[in-house]
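Participant: Structure file work_11.cif, mmCIF, C-alpha atoms, is pasted below:
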data_my_file
#
loop_
_atom_site.group_PDB
_atom_site.id
_atom_site.type_symbol
_atom_site.label_atom_id
_atom_site.label_comp_id
_atom_site.auth_asym_id
_atom_site.auth_seq_id
_atom_site.Cartn_x
_atom_site.Cartn_y
_atom_site.Cartn_z
ATOM 1 C CA MET B 1 22.405 14.143 9.380
ATOM 2 C CA VAL B 2 20.916 14.074 5.877
ATOM 3 C CA GLU B 3 19.790 17.516 4.786
ATOM 4 C CA TYR B 4 16.190 17.862 3.654
ATOM 5 C CA LYS B 5 13.522 20.463 2.915
ATOM 6 C CA LEU B 6 9.999 20.267 4.325
ATOM 7 C CA LEU B 7 7.314 21.139 1.769
ATOM 8 C CA SER B 8 3.730 20.794 0.606
ATOM 9 C CA TYR B 9 2.813 19.436 -2.810
ATOM 10 C CA ALA B 10 -0.291 18.663 -4.855
ATOM 11 C CA SER B 11 -1.150 14.983 -5.289
ATOM 12 C CA GLU B 12 -4.398 13.594 -6.752
ATOM 13 C CA GLY B 13 -6.391 16.688 -5.866
ATOM 14 C CA ARG B 14 -5.030 16.928 -2.328
ATOM 15 C CA VAL B 15 -2.180 18.760 -0.653
ATOM 16 C CA ARG B 16 0.336 16.481 1.060
ATOM 17 C CA ALA B 17 3.427 17.056 3.166
ATOM 18 C CA GLY B 18 6.683 15.949 1.612
ATOM 19 C CA ILE B 19 10.423 16.168 2.028
ATOM 20 C CA LEU B 20 12.970 17.008 -0.614
ATOM 21 C CA VAL B 21 16.106 14.847 -0.462
ATOM 22 C CA ASN B 22 18.691 14.899 -3.254
ATOM 23 C CA GLU B 23 16.287 16.683 -5.634
ATOM 24 C CA ARG B 24 13.562 14.076 -5.189
ATOM 25 C CA ILE B 25 10.294 14.532 -3.342
ATOM 26 C CA HIS B 26 9.004 11.840 -0.991
ATOM 27 C CA ASP B 27 5.586 11.671 0.643
ATOM 28 C CA LEU B 28 6.314 12.264 4.303
ATOM 29 C CA ALA B 29 3.465 10.292 5.912
ATOM 30 C CA GLN B 30 4.329 7.274 3.788
ATOM 31 C CA LEU B 31 7.953 7.433 4.900
ATOM 32 C CA THR B 32 7.158 7.854 8.599
ATOM 33 C CA ALA B 33 4.051 5.602 8.583
ATOM 34 C CA ASN B 34 2.350 8.349 10.586
ATOM 35 C CA GLU B 35 -0.758 9.879 9.038
ATOM 36 C CA ALA B 36 -0.362 12.971 11.251
ATOM 37 C CA ASP B 37 2.589 13.795 8.997
ATOM 38 C CA SER B 38 0.342 14.168 5.948
ATOM 39 C CA SER B 39 0.230 17.977 6.323
ATOM 40 C CA VAL B 40 3.018 20.398 7.168
ATOM 41 C CA LEU B 41 0.835 22.121 9.731
ATOM 42 C CA GLY B 42 0.228 18.761 11.403
ATOM 43 C CA VAL B 43 3.978 18.146 11.455
ATOM 44 C CA LEU B 44 4.662 21.537 13.041
ATOM 45 C CA GLU B 45 2.026 20.983 15.704
ATOM 46 C CA ASP B 46 4.076 17.948 16.795
ATOM 47 C CA TRP B 47 7.473 19.374 15.851
ATOM 48 C CA THR B 48 9.435 18.246 18.930
ATOM 49 C CA ALA B 49 8.684 14.589 18.188
ATOM 50 C CA ALA B 50 8.229 14.915 14.425
ATOM 51 C CA ARG B 51 11.728 16.285 13.901
ATOM 52 C CA ALA B 52 13.332 12.956 14.878
ATOM 53 C CA ARG B 53 10.884 10.995 12.684
ATOM 54 C CA ILE B 54 11.634 13.209 9.694
ATOM 55 C CA GLU B 55 15.398 12.971 10.124
ATOM 56 C CA GLN B 56 15.137 9.163 10.138
ATOM 57 C CA ALA B 57 12.840 9.293 7.091
ATOM 58 C CA ALA B 58 15.281 11.547 5.250
ATOM 59 C CA ALA B 59 18.093 9.079 5.942
ATOM 60 C CA ARG B 60 16.004 6.235 4.489
ATOM 61 C CA ALA B 61 15.105 8.348 1.449
ATOM 62 C CA ALA B 62 18.775 9.114 0.818
ATOM 63 C CA GLN B 63 19.503 5.377 0.702
ATOM 64 C CA SER B 64 16.906 4.884 -2.062
ATOM 65 C CA PRO B 65 17.946 7.332 -4.792
ATOM 66 C CA ALA B 66 15.364 6.025 -7.266
ATOM 67 C CA ALA B 67 12.424 6.405 -4.878
ATOM 68 C CA GLY B 68 10.147 9.420 -4.770
ATOM 69 C CA GLN B 69 9.473 11.822 -7.629
ATOM 70 C CA PRO B 70 11.807 14.272 -9.378
ATOM 71 C CA LEU B 71 11.364 17.818 -8.098
ATOM 72 C CA ALA B 72 10.656 19.076 -11.618
ATOM 73 C CA ALA B 73 7.713 16.663 -11.964
ATOM 74 C CA VAL B 74 5.860 17.853 -8.841
ATOM 75 C CA ARG B 75 3.713 20.941 -8.334
ATOM 76 C CA LEU B 76 4.586 22.597 -5.046
ATOM 77 C CA THR B 77 2.028 24.553 -3.085
ATOM 78 C CA ALA B 78 2.906 27.109 -0.433
ATOM 79 C CA PRO B 79 4.727 25.202 2.324
ATOM 80 C CA ILE B 80 2.043 25.911 4.947
ATOM 81 C CA LEU B 81 -1.696 25.914 4.208
ATOM 82 C CA TYR B 82 -2.690 27.864 6.262
ATOM 83 C CA PRO B 83 -0.953 29.380 9.323
ATOM 84 C CA SER B 84 -3.108 30.958 11.994
ATOM 85 C CA ALA B 85 -1.162 34.224 11.701
ATOM 86 C CA ILE B 86 1.370 35.990 9.504
ATOM 87 C CA TYR B 87 3.260 38.708 11.384
ATOM 88 C CA CYS B 88 5.179 41.166 9.197
ATOM 89 C CA ALA B 89 7.915 43.390 10.614
ATOM 90 C CA GLY B 90 7.806 47.004 9.531
ATOM 91 C CA ALA B 91 10.884 49.131 8.805
ATOM 92 C CA ASN B 92 13.410 46.648 10.215
ATOM 93 C CA TYR B 93 16.510 47.250 8.065
ATOM 94 C CA THR B 94 18.362 50.534 8.550
ATOM 95 C CA ASP B 95 19.056 51.012 4.845
ATOM 96 C CA HIS B 96 15.379 50.448 3.989
ATOM 97 C CA VAL B 97 14.275 52.995 6.608
ATOM 98 C CA LEU B 98 16.660 55.517 5.046
ATOM 99 C CA GLU B 99 15.500 54.922 1.459
ATOM 100 C CA MET B 100 11.815 55.200 2.440
ATOM 101 C CA ALA B 101 12.463 58.443 4.338
ATOM 102 C CA LYS B 102 14.126 59.870 1.229
ATOM 103 C CA ALA B 103 11.329 58.652 -1.032
ATOM 104 C CA SER B 104 8.675 60.366 1.099
ATOM 105 C CA GLY B 105 10.691 63.539 1.796
ATOM 106 C CA ARG B 106 10.827 62.939 5.537
ATOM 107 C CA GLU B 107 13.761 63.390 7.865
ATOM 108 C CA LEU B 108 15.302 60.197 9.179
ATOM 109 C CA GLY B 109 14.174 59.624 12.765
ATOM 110 C CA PRO B 110 16.226 58.217 15.634
ATOM 111 C CA ASP B 111 17.390 54.621 15.573
ATOM 112 C CA PRO B 112 14.457 52.620 17.016
ATOM 113 C CA LYS B 113 16.669 50.329 19.068
ATOM 114 C CA ALA B 114 18.774 53.176 20.445
ATOM 115 C CA ALA B 115 15.547 54.971 21.363
ATOM 116 C CA ALA B 116 14.461 51.900 23.401
ATOM 117 C CA LEU B 117 11.509 51.250 21.105
ATOM 118 C CA ARG B 118 10.128 47.785 20.451
ATOM 119 C CA PRO B 119 9.651 45.926 17.171
ATOM 120 C CA TRP B 120 6.332 46.494 15.454
ATOM 121 C CA HIS B 121 4.396 44.216 13.141
ATOM 122 C CA PHE B 122 1.241 44.161 11.078
ATOM 123 C CA LEU B 123 -0.858 41.127 10.132
ATOM 124 C CA LYS B 124 -1.735 39.467 6.850
ATOM 125 C CA PRO B 125 -4.622 36.945 6.659
ATOM 126 C CA ALA B 126 -3.189 33.687 5.352
ATOM 127 C CA ARG B 127 -6.014 32.392 3.171
ATOM 128 C CA ALA B 128 -6.308 35.655 1.246
ATOM 129 C CA VAL B 129 -2.665 36.473 0.623
ATOM 130 C CA ILE B 130 -0.451 33.369 0.354
ATOM 131 C CA ALA B 131 0.797 32.417 -3.108
ATOM 132 C CA ALA B 132 2.983 29.408 -3.892
ATOM 133 C CA ASP B 133 6.286 29.223 -5.710
ATOM 134 C CA ASN B 134 5.672 29.810 -9.441
ATOM 135 C CA GLU B 135 2.043 30.815 -8.786
ATOM 136 C CA THR B 136 0.940 33.811 -10.848
ATOM 137 C CA VAL B 137 0.050 36.922 -8.848
ATOM 138 C CA TRP B 138 -2.294 39.473 -10.406
ATOM 139 C CA LEU B 139 -1.766 43.122 -9.552
ATOM 140 C CA PRO B 140 -4.775 44.810 -7.911
ATOM 141 C CA ARG B 141 -6.681 46.938 -10.392
ATOM 142 C CA ALA B 142 -6.799 49.913 -8.025
ATOM 143 C CA SER B 143 -3.002 50.193 -7.699
ATOM 144 C CA LYS B 144 -0.370 51.473 -10.115
ATOM 145 C CA THR B 145 2.588 51.138 -7.734
ATOM 146 C CA VAL B 146 2.856 47.565 -6.430
ATOM 147 C CA ASP B 147 6.230 47.045 -4.783
ATOM 148 C CA TRP B 148 8.407 44.068 -3.854
ATOM 149 C CA GLU B 149 10.022 43.183 -0.496
ATOM 150 C CA VAL B 150 12.129 40.040 -0.041
ATOM 151 C CA GLU B 151 12.041 38.747 3.538
ATOM 152 C CA LEU B 152 13.352 35.871 5.618
ATOM 153 C CA ALA B 153 10.345 34.234 7.295
ATOM 154 C CA ALA B 154 10.676 32.301 10.555
ATOM 155 C CA VAL B 155 8.275 29.368 11.021
ATOM 156 C CA ILE B 156 7.139 28.790 14.598
ATOM 157 C CA GLY B 157 7.370 25.149 15.728
ATOM 158 C CA ARG B 158 6.319 25.316 19.389
ATOM 159 C CA THR B 159 3.631 27.209 21.265
ATOM 160 C CA ALA B 160 5.332 30.371 22.511
ATOM 161 C CA ARG B 161 4.160 32.755 25.211
ATOM 162 C CA ASP B 162 6.387 35.272 27.043
ATOM 163 C CA VAL B 163 9.599 33.675 25.823
ATOM 164 C CA SER B 164 12.923 35.363 26.463
ATOM 165 C CA VAL B 165 15.198 36.661 23.722
ATOM 166 C CA ASP B 166 17.785 34.037 24.709
ATOM 167 C CA GLN B 167 15.285 31.205 24.214
ATOM 168 C CA ALA B 168 13.262 32.581 21.292
ATOM 169 C CA LEU B 169 15.078 30.750 18.487
ATOM 170 C CA ASP B 170 14.360 27.441 20.239
ATOM 171 C CA TYR B 171 10.737 27.966 19.128
ATOM 172 C CA VAL B 172 11.629 28.207 15.426
ATOM 173 C CA ALA B 173 11.119 25.040 13.382
ATOM 174 C CA GLY B 174 12.625 26.457 10.226
ATOM 175 C CA TYR B 175 12.817 29.265 7.701
ATOM 176 C CA THR B 176 11.334 30.052 4.313
ATOM 177 C CA VAL B 177 11.363 32.897 1.786
ATOM 178 C CA ALA B 178 8.592 35.499 1.568
ATOM 179 C CA ASN B 179 7.841 38.483 -0.640
ATOM 180 C CA ASP B 180 5.738 41.116 1.129
ATOM 181 C CA LEU B 181 4.085 42.753 -1.886
ATOM 182 C CA SER B 182 2.820 46.253 -1.176
ATOM 183 C CA ALA B 183 0.401 48.573 -3.004
ATOM 184 C CA ARG B 184 2.182 51.816 -2.152
ATOM 185 C CA ASP B 185 -0.418 54.151 -3.659
ATOM 186 C CA LEU B 186 -3.206 52.616 -1.576
ATOM 187 C CA SER B 187 -1.476 53.088 1.768
ATOM 188 C CA ARG B 188 -2.863 56.572 2.386
ATOM 189 C CA ARG B 189 -6.377 58.003 2.267
ATOM 190 C CA PRO B 190 -6.367 61.564 0.965
ATOM 191 C CA PRO B 191 -7.925 64.052 1.570
ATOM 192 C CA ILE B 192 -7.823 62.848 5.189
ATOM 193 C CA PRO B 193 -4.977 64.790 6.878
ATOM 194 C CA GLU B 194 -1.790 62.982 7.853
ATOM 195 C CA THR B 195 -2.436 63.829 11.505
ATOM 196 C CA SER B 196 -5.609 61.733 11.488
ATOM 197 C CA PRO B 197 -5.450 58.146 12.856
ATOM 198 C CA PHE B 198 -7.504 57.163 9.782
ATOM 199 C CA PHE B 199 -4.952 58.448 7.255
ATOM 200 C CA PHE B 200 -3.174 55.094 6.733
ATOM 201 C CA ASP B 201 -4.897 52.092 5.158
ATOM 202 C CA TRP B 202 -2.886 48.966 5.946
ATOM 203 C CA VAL B 203 -5.465 46.597 4.492
ATOM 204 C CA ALA B 204 -5.459 48.211 1.041
ATOM 205 C CA HIS B 205 -1.676 48.602 1.232
ATOM 206 C CA LYS B 206 -0.695 45.097 2.293
ATOM 207 C CA VAL B 207 -3.652 42.717 2.108
ATOM 208 C CA PHE B 208 -4.598 42.062 -1.502
ATOM 209 C CA ASP B 209 -4.921 38.608 -3.053
ATOM 210 C CA GLY B 210 -1.527 36.996 -3.575
ATOM 211 C CA SER B 211 0.334 39.689 -1.656
ATOM 212 C CA CYS B 212 2.448 37.157 0.265
ATOM 213 C CA PRO B 213 4.251 34.733 -2.064
ATOM 214 C CA LEU B 214 5.841 32.098 0.164
ATOM 215 C CA GLY B 215 8.198 29.169 -0.336
ATOM 216 C CA PRO B 216 9.371 27.168 -2.050
ATOM 217 C CA TRP B 217 9.819 25.085 1.116
ATOM 218 C CA ILE B 218 10.924 25.207 4.749
ATOM 219 C CA THR B 219 14.565 24.665 5.628
ATOM 220 C CA PRO B 220 14.811 23.227 9.176
ATOM 221 C CA ALA B 221 16.404 25.579 11.691
ATOM 222 C CA GLN B 222 19.109 23.073 12.619
ATOM 223 C CA GLN B 223 20.434 23.300 9.050
ATOM 224 C CA ILE B 224 20.948 27.070 9.339
ATOM 225 C CA LYS B 225 24.118 27.832 11.280
ATOM 226 C CA ASP B 226 23.343 31.516 11.877
ATOM 227 C CA PRO B 227 20.027 33.029 10.694
ATOM 228 C CA GLN B 228 21.479 36.485 11.351
ATOM 229 C CA ASN B 229 24.163 36.004 8.724
ATOM 230 C CA LEU B 230 22.327 35.043 5.543
ATOM 231 C CA ASN B 231 22.588 36.831 2.234
ATOM 232 C CA LEU B 232 19.242 37.652 0.641
ATOM 233 C CA GLY B 233 18.071 39.457 -2.432
ATOM 234 C CA LEU B 234 15.510 39.919 -5.170
ATOM 235 C CA ARG B 235 15.682 40.060 -8.961
ATOM 236 C CA ILE B 236 13.107 41.214 -11.476
ATOM 237 C CA ASN B 237 13.480 39.845 -14.990
ATOM 238 C CA GLY B 238 17.015 38.810 -14.034
ATOM 239 C CA VAL B 239 18.053 42.277 -12.788
ATOM 240 C CA MET B 240 19.161 42.553 -9.152
ATOM 241 C CA LYS B 241 17.038 45.005 -7.162
ATOM 242 C CA GLN B 242 17.712 44.023 -3.540
ATOM 243 C CA GLU B 243 20.881 42.513 -2.096
ATOM 244 C CA SER B 244 21.762 42.494 1.595
ATOM 245 C CA ASN B 245 22.353 40.315 4.657
ATOM 246 C CA THR B 246 20.058 39.430 7.562
ATOM 247 C CA GLY B 247 22.732 40.809 9.877
ATOM 248 C CA GLN B 248 21.489 44.272 8.878
ATOM 249 C CA MET B 249 18.208 43.893 10.771
ATOM 250 C CA ILE B 250 17.459 46.514 13.417
ATOM 251 C CA PHE B 251 15.632 44.029 15.661
ATOM 252 C CA ASN B 252 16.927 40.502 15.185
ATOM 253 C CA ILE B 253 14.732 37.429 14.792
ATOM 254 C CA ALA B 254 14.906 36.438 18.455
ATOM 255 C CA GLU B 255 13.958 39.949 19.600
ATOM 256 C CA GLN B 256 10.969 39.958 17.273
ATOM 257 C CA ILE B 257 9.690 36.572 18.429
ATOM 258 C CA SER B 258 10.190 37.441 22.082
ATOM 259 C CA HIS B 259 8.274 40.693 21.664
ATOM 260 C CA LEU B 260 5.407 39.115 19.731
ATOM 261 C CA SER B 261 5.103 36.344 22.325
ATOM 262 C CA SER B 262 4.761 38.979 25.041
ATOM 263 C CA LEU B 263 1.623 40.268 23.294
ATOM 264 C CA ARG B 264 -0.087 37.011 22.346
ATOM 265 C CA THR B 265 0.516 33.290 22.080
ATOM 266 C CA LEU B 266 2.375 32.188 18.965
ATOM 267 C CA HIS B 267 1.218 28.858 17.564
ATOM 268 C CA PRO B 268 2.976 26.191 15.491
ATOM 269 C CA GLY B 269 2.923 27.196 11.845
ATOM 270 C CA ASP B 270 2.704 30.929 12.539
ATOM 271 C CA LEU B 271 5.022 32.969 10.338
ATOM 272 C CA VAL B 272 7.182 35.922 11.317
ATOM 273 C CA LEU B 273 8.335 37.940 8.302
ATOM 274 C CA THR B 274 11.406 39.720 9.600
ATOM 275 C CA GLY B 275 11.681 42.816 7.390
ATOM 276 C CA THR B 276 13.163 43.806 4.054
ATOM 277 C CA PRO B 277 16.389 45.615 3.084
ATOM 278 C CA SER B 278 16.805 48.557 0.718
ATOM 279 C CA GLY B 279 16.226 48.276 -3.007
ATOM 280 C CA VAL B 280 12.432 48.326 -3.058
ATOM 281 C CA GLY B 281 10.611 49.986 -5.927
ATOM 282 C CA ALA B 282 9.487 53.034 -3.950
ATOM 283 C CA GLY B 283 13.095 54.110 -3.537
ATOM 284 C CA ARG B 284 13.727 53.767 -7.278
ATOM 285 C CA GLY B 285 10.461 54.980 -8.738
ATOM 286 C CA GLU B 286 10.003 51.519 -10.292
ATOM 287 C CA PHE B 287 7.101 49.174 -9.712
ATOM 288 C CA LEU B 288 5.857 45.787 -10.817
ATOM 289 C CA LYS B 289 4.091 45.469 -14.146
ATOM 290 C CA PRO B 290 2.267 42.660 -15.931
ATOM 291 C CA GLY B 291 4.649 40.094 -17.371
ATOM 292 C CA ASP B 292 7.406 40.621 -14.799
ATOM 293 C CA ARG B 293 9.114 37.611 -13.253
ATOM 294 C CA VAL B 294 10.272 38.035 -9.664
ATOM 295 C CA GLU B 295 12.903 35.903 -7.931
ATOM 296 C CA ALA B 296 13.321 36.330 -4.178
ATOM 297 C CA TRP B 297 16.089 34.317 -2.512
ATOM 298 C CA VAL B 298 17.667 33.723 0.868
ATOM 299 C CA GLU B 299 20.987 31.934 1.252
ATOM 300 C CA GLY B 300 20.592 28.352 2.439
ATOM 301 C CA ILE B 301 16.805 28.503 2.098
ATOM 302 C CA GLY B 302 15.937 28.667 -1.594
ATOM 303 C CA THR B 303 14.555 30.848 -4.374
ATOM 304 C CA LEU B 304 10.905 31.888 -4.610
ATOM 305 C CA HIS B 305 9.599 32.556 -8.140
ATOM 306 C CA THR B 306 6.600 34.813 -8.755
ATOM 307 C CA PRO B 307 5.309 35.568 -12.255
ATOM 308 C CA ILE B 308 3.146 38.697 -12.454
ATOM 309 C CA GLY B 309 -0.028 38.089 -14.460
ATOM 310 C CA GLU B 310 -0.633 39.714 -17.804
ATOM 311 C CA GLY B 311 -3.542 39.786 -20.208
ATOM 312 C CA VAL B 312 -7.036 38.774 -19.111
ATOM 313 C CA ARG B 313 -7.384 37.396 -15.624
ATOM 314 C CA PRO B 314 -8.603 33.767 -15.588
ATOM 315 C CA GLN B 315 -11.743 34.571 -13.573
ATOM 316 C CA GLU B 316 -12.820 37.070 -16.187
ATOM 317 C CA THR B 317 -13.184 34.246 -18.716
ATOM 318 C CA SER B 318 -14.046 31.269 -16.507
ATOM 319 C CA GLY B 319 -15.878 32.914 -13.625
ATOM 320 C CA ARG B 320 -13.471 31.304 -11.176
ATOM 321 C CA GLY B 321 -10.452 32.441 -9.220
ATOM 322 C CA ASN B 322 -9.648 35.158 -6.757
ATOM 323 C CA PRO B 323 -10.908 38.685 -7.420
#
Kindly transcribe the structure held in the file into structure tokens.
Facilitator:
Amino acid sequence: MVEYKLLSYASEGRVRAGILVNERIHDLAQLTANEADSSVLGVLEDWTAARARIEQAAARAAQSPAAGQPLAAVRLTAPILYPSAIYCAGANYTDHVLEMAKASGRELGPDPKAAALRPWHFLKPARAVIAADNETVWLPRASKTVDWEVELAAVIGRTARDVSVDQALDYVAGYTVANDLSARDLSRRPPIPETSPFFFDWVAHKVFDGSCPLGPWITPAQQIKDPQNLNLGLRINGVMKQESNTGQMIFNIAEQISHLSSLRTLHPGDLVLTGTPSGVGAGRGEFLKPGDRVEAWVEGIGTLHTPIGEGVRPQETSGRGNP
């Protein structure tokens, strides 16, 4: 089987689905002669049948090395525009739980899995938060402590409801890289006491414009031998900040998908961000600043680049752009 990456790219003012084969991008619908393959979300909604079409298209593309466009000549967008839901796992690496407990002066609680607890997730709204590879993200004006979190993201490829742990990975079309940016100083609402249910503010903390860089593409699940044994990490300005392995998750990918599907139906294109390891800024007293360049990577998937904006925001001069 020819290896390929599934992606979205800008072409003549539109976003089209493409595949990357041997460092060249090919328009997917043109290769398959199926207009339903013109968007990645359309492909995922027909993933069971589309997978075979794409594999055949990738084989044809590999036989025509001069066809398509060089990767460097194409502007990628986020691989999915836009999923119906982005589920983000909280506190799902043991070392990250420990570093956050230390940073906040709390005692480390019992192991969630040993205590028979279930995974927990929060939501991000796709249209507001997704940023593409190499897309500039502007830090929210209200925050001084925006943090980074590299994550492996699972892309749902089949409608899933009440699926078992044993079958859960059968519903994954592929994987991509995500960076769950977090405004740490906006997560709490003093002077409201910590005992109040209104003390935490997850929207201000996690849901600002550009707070979910995603990409650069989707690697099909069949190309990943073991998603629970992938190295991942994050660099800022070339300096390693996070470095771990997906085997360090508390609740594995299948357990997360099974649990989420017990609560609501998962739809093709939905994303499950599976947690981040230690090395975040809160544990170091370091945070993102204008001019930083962030690289988040997952073995076998790719590297996601995020420049942090500096100077005057574009909308302040042109009247356009996200606030």
Participant: Find the distance between atom CA of Ala178 of chain B and atom CA of Glu149 of chain B and write it in Å to one decimal.
Facilitator: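 A separation of 8.1 Å between them.
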Participant: In terms of the shortest atom-to-atom distance over all atoms listed in the file, which of B:Gly13, B:Glu55, B:Asn179, B:Asp201 is closest to Gln223 of chain B?
Facilitator: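 For Gln223 of chain B, the nearest of the candidates is B:Glu55.
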Participant: Return as CSV the residues of segment 184-271 of chain B lying at most 10 Å from segment 104-120 of chain B, together with the closest atom-to-atom pair for each and the distance in Å to one decimal, counting only C-alpha atoms, with rows in chain order and ascending residue number.
Facilitator:
residue,atom,partner,partner_atom,distance
B:Ile250,CA,B:Lys113,CA,6.9
B:Phe251,CA,B:Pro119,CA,6.5
B:Asn252,CA,B:Pro119,CA,9.3
B:Glu255,CA,B:Pro119,CA,7.8
B:Gln256,CA,B:Pro119,CA,6.1
B:Ile257,CA,B:Pro119,CA,9.4
B:Ser258,CA,B:Pro119,CA,9.8
B:His259,CA,B:Pro119,CA,7.0
B:Leu260,CA,B:Pro119,CA,8.4
Participant: For a test of reading the model, state the distance in Å between atom CA of Leu152 of chain B and atom CA of Ala73 of chain B, rounded to one decimal.
Facilitator: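 Going from atom CA of Leu152 of chain B over to atom CA of Ala73 of chain B, I get 26.6 Å.
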Participant: Using all atoms listed in the file, can you tell me which of B:Ala85, B:Leu169, B:Val203, B:Ala59 comes closest to Gly157 of chain B?
Facilitator: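 Residue with the minimum atom-to-atom distance to Gly157 of chain B: B:Leu169.
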Participant: Which neighbours of segment 233-246 of chain B fall inside 10 Å, counting all atoms listed in the file, when residues of the same chain fewer than 5 positions from it are skipped, and could you give them as a PyMOL selection string?
Facilitator: chain B and resi 93+95+148-152+179+226-228+252-253+274-281+284+288+291-299+303-307
Participant: Using all atoms listed in the file, find the one residue out of B:Pro79, B:Leu20, B:Arg14, B:Asp162 that sits nearest to Leu266 of chain B.
Facilitator: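 Of B:Pro79, B:Leu20, B:Arg14, B:Asp162, the one nearest Leu266 of chain B, counting all atoms listed in the file, is B:Asp162.
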Participant: Ranking B:Val177, B:Ala72, B:Ala91, B:Val2 by minimum distance to Ile218 of chain B and counting all atoms listed in the file, which one comes first?
Facilitator: B:Val177
Participant: Would you compute the box with edges along x, y and z of the file around segment 280-293 of chain B, including every atom the file lists for it and 5 Å extra on each side, and give its centre and edge lengths in Å to one decimal, as JSON?
Facilitator:
{"center_x": 8.0, "center_y": 46.3, "center_z": -10.2, "size_x": 21.5, "size_y": 27.4, "size_z": 24.3}
Participant: Give me the residues near Ser182 of chain B as a list in words, where near means some atom within 7 Å (using only C-alpha atoms) and where sequence neighbours in that chain fewer than 5 positions away do not count.
Facilitator: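 In the requested format, the answer is Val146, Asp147, Trp148, His205 and Lys206 of chain B.
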Participant: If you keep C-alpha atoms, can you produce a file of those selected residues as an mmCIF file, keeping the file's coordinate frame?
Facilitator:
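Printed below is out_22.cif as written:
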data_model
loop_
_atom_site.group_PDB
_atom_site.id
_atom_site.type_symbol
_atom_site.label_atom_id
_atom_site.label_comp_id
_atom_site.auth_asym_id
_atom_site.auth_seq_id
_atom_site.Cartn_x
_atom_site.Cartn_y
_atom_site.Cartn_z
ATOM 1 C CA VAL B 146 2.856 47.565 -6.430
ATOM 2 C CA ASP B 147 6.230 47.045 -4.783
ATOM 3 C CA TRP B 148 8.407 44.068 -3.854
ATOM 4 C CA HIS B 205 -1.676 48.602 1.232
ATOM 5 C CA LYS B 206 -0.695 45.097 2.293
#
Participant: For a test of reading the model, state the distance in Å between atom CA of Glu135 of chain B and atom CA of Lys289 of chain B, rounded to one decimal.
Facilitator: 15.7 Å
Participant: For the structure shown, which residues end up in the PyMOL selection byres ((chain B and resi 7) around 6)? Put them as an mmCIF file with C-alpha atoms, in the coordinates of the input, please?
Facilitator:
data_model
loop_
_atom_site.group_PDB
_atom_site.id
_atom_site.type_symbol
_atom_site.label_atom_id
_atom_site.label_comp_id
_atom_site.auth_asym_id
_atom_site.auth_seq_id
_atom_site.Cartn_x
_atom_site.Cartn_y
_atom_site.Cartn_z
ATOM 1 C CA LEU B 6 9.999 20.267 4.325
ATOM 2 C CA SER B 8 3.730 20.794 0.606
ATOM 3 C CA ALA B 17 3.427 17.056 3.166
ATOM 4 C CA GLY B 18 6.683 15.949 1.612
ATOM 5 C CA ILE B 19 10.423 16.168 2.028
ATOM 6 C CA PRO B 79 4.727 25.202 2.324
ATOM 7 C CA TRP B 217 9.819 25.085 1.116
#
Participant: Taking into account all atoms listed in the file, which residue in the set B:Lys225, B:Arg189, B:Arg158, B:Arg75 is nearest to Pro268 of chain B?
Facilitator: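 When distances to Pro268 of chain B are compared using all atoms listed in the file, the smallest one comes from B:Arg158.
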Participant: Check what the PyMOL selection byres ((chain B and resi 28) around 12) selects in the file above and give those residues as a PyMOL selection string.
Facilitator: chain B and resi 4-9+15-21+25-27+29-40+42-43+50-51+53-58+60-61+68
Participant: Could the residues in this selection be written to a file with C-alpha atoms, as a short mmCIF file (atom, residue, chain, number, x, y, z; two decimals), in the coordinates of the input?
Facilitator:
data_model
loop_
_atom_site.label_atom_id
_atom_site.label_comp_id
_atom_site.auth_asym_id
_atom_site.auth_seq_id
_atom_site.Cartn_x
_atom_site.Cartn_y
_atom_site.Cartn_z
CA TYR B 4 16.19 17.86 3.65
CA LYS B 5 13.52 20.46 2.92
CA LEU B 6 10.00 20.27 4.32
CA LEU B 7 7.31 21.14 1.77
CA SER B 8 3.73 20.79 0.61
CA TYR B 9 2.81 19.44 -2.81
CA VAL B 15 -2.18 18.76 -0.65
CA ARG B 16 0.34 16.48 1.06
CA ALA B 17 3.43 17.06 3.17
CA GLY B 18 6.68 15.95 1.61
CA ILE B 19 10.42 16.17 2.03
CA LEU B 20 12.97 17.01 -0.61
CA VAL B 21 16.11 14.85 -0.46
CA ILE B 25 10.29 14.53 -3.34
CA HIS B 26 9.00 11.84 -0.99
CA ASP B 27 5.59 11.67 0.64
CA ALA B 29 3.46 10.29 5.91
CA GLN B 30 4.33 7.27 3.79
CA LEU B 31 7.95 7.43 4.90
CA THR B 32 7.16 7.85 8.60
CA ALA B 33 4.05 5.60 8.58
CA ASN B 34 2.35 8.35 10.59
CA GLU B 35 -0.76 9.88 9.04
CA ALA B 36 -0.36 12.97 11.25
CA ASP B 37 2.59 13.80 9.00
CA SER B 38 0.34 14.17 5.95
CA SER B 39 0.23 17.98 6.32
CA VAL B 40 3.02 20.40 7.17
CA GLY B 42 0.23 18.76 11.40
CA VAL B 43 3.98 18.15 11.46
CA ALA B 50 8.23 14.92 14.42
CA ARG B 51 11.73 16.28 13.90
CA ARG B 53 10.88 11.00 12.68
CA ILE B 54 11.63 13.21 9.69
CA GLU B 55 15.40 12.97 10.12
CA GLN B 56 15.14 9.16 10.14
CA ALA B 57 12.84 9.29 7.09
CA ALA B 58 15.28 11.55 5.25
CA ARG B 60 16.00 6.24 4.49
CA ALA B 61 15.10 8.35 1.45
CA GLY B 68 10.15 9.42 -4.77
#
Participant: Under the rule that only C-alpha atoms are counted, which of B:Thr195, B:Ala183, B:Tyr87, B:Asn231 is the nearest residue to Pro140 of chain B?
Facilitator: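 That would be B:Ala183, the residue with the smallest distance to Pro140 of chain B.
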Participant: Within 10 Å of Val129 of chain B, counting all atoms listed in the file, which residues show up once you throw out same-chain ones fewer than 6 positions away? Write them as a list in words, please.
Facilitator: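 Surrounding residues, per the criterion: Ile86, Val137, Asp180, Leu181, Lys206, Val207, Phe208, Asp209, Gly210, Ser211, Cys212, Pro213 and Leu214 of chain B.
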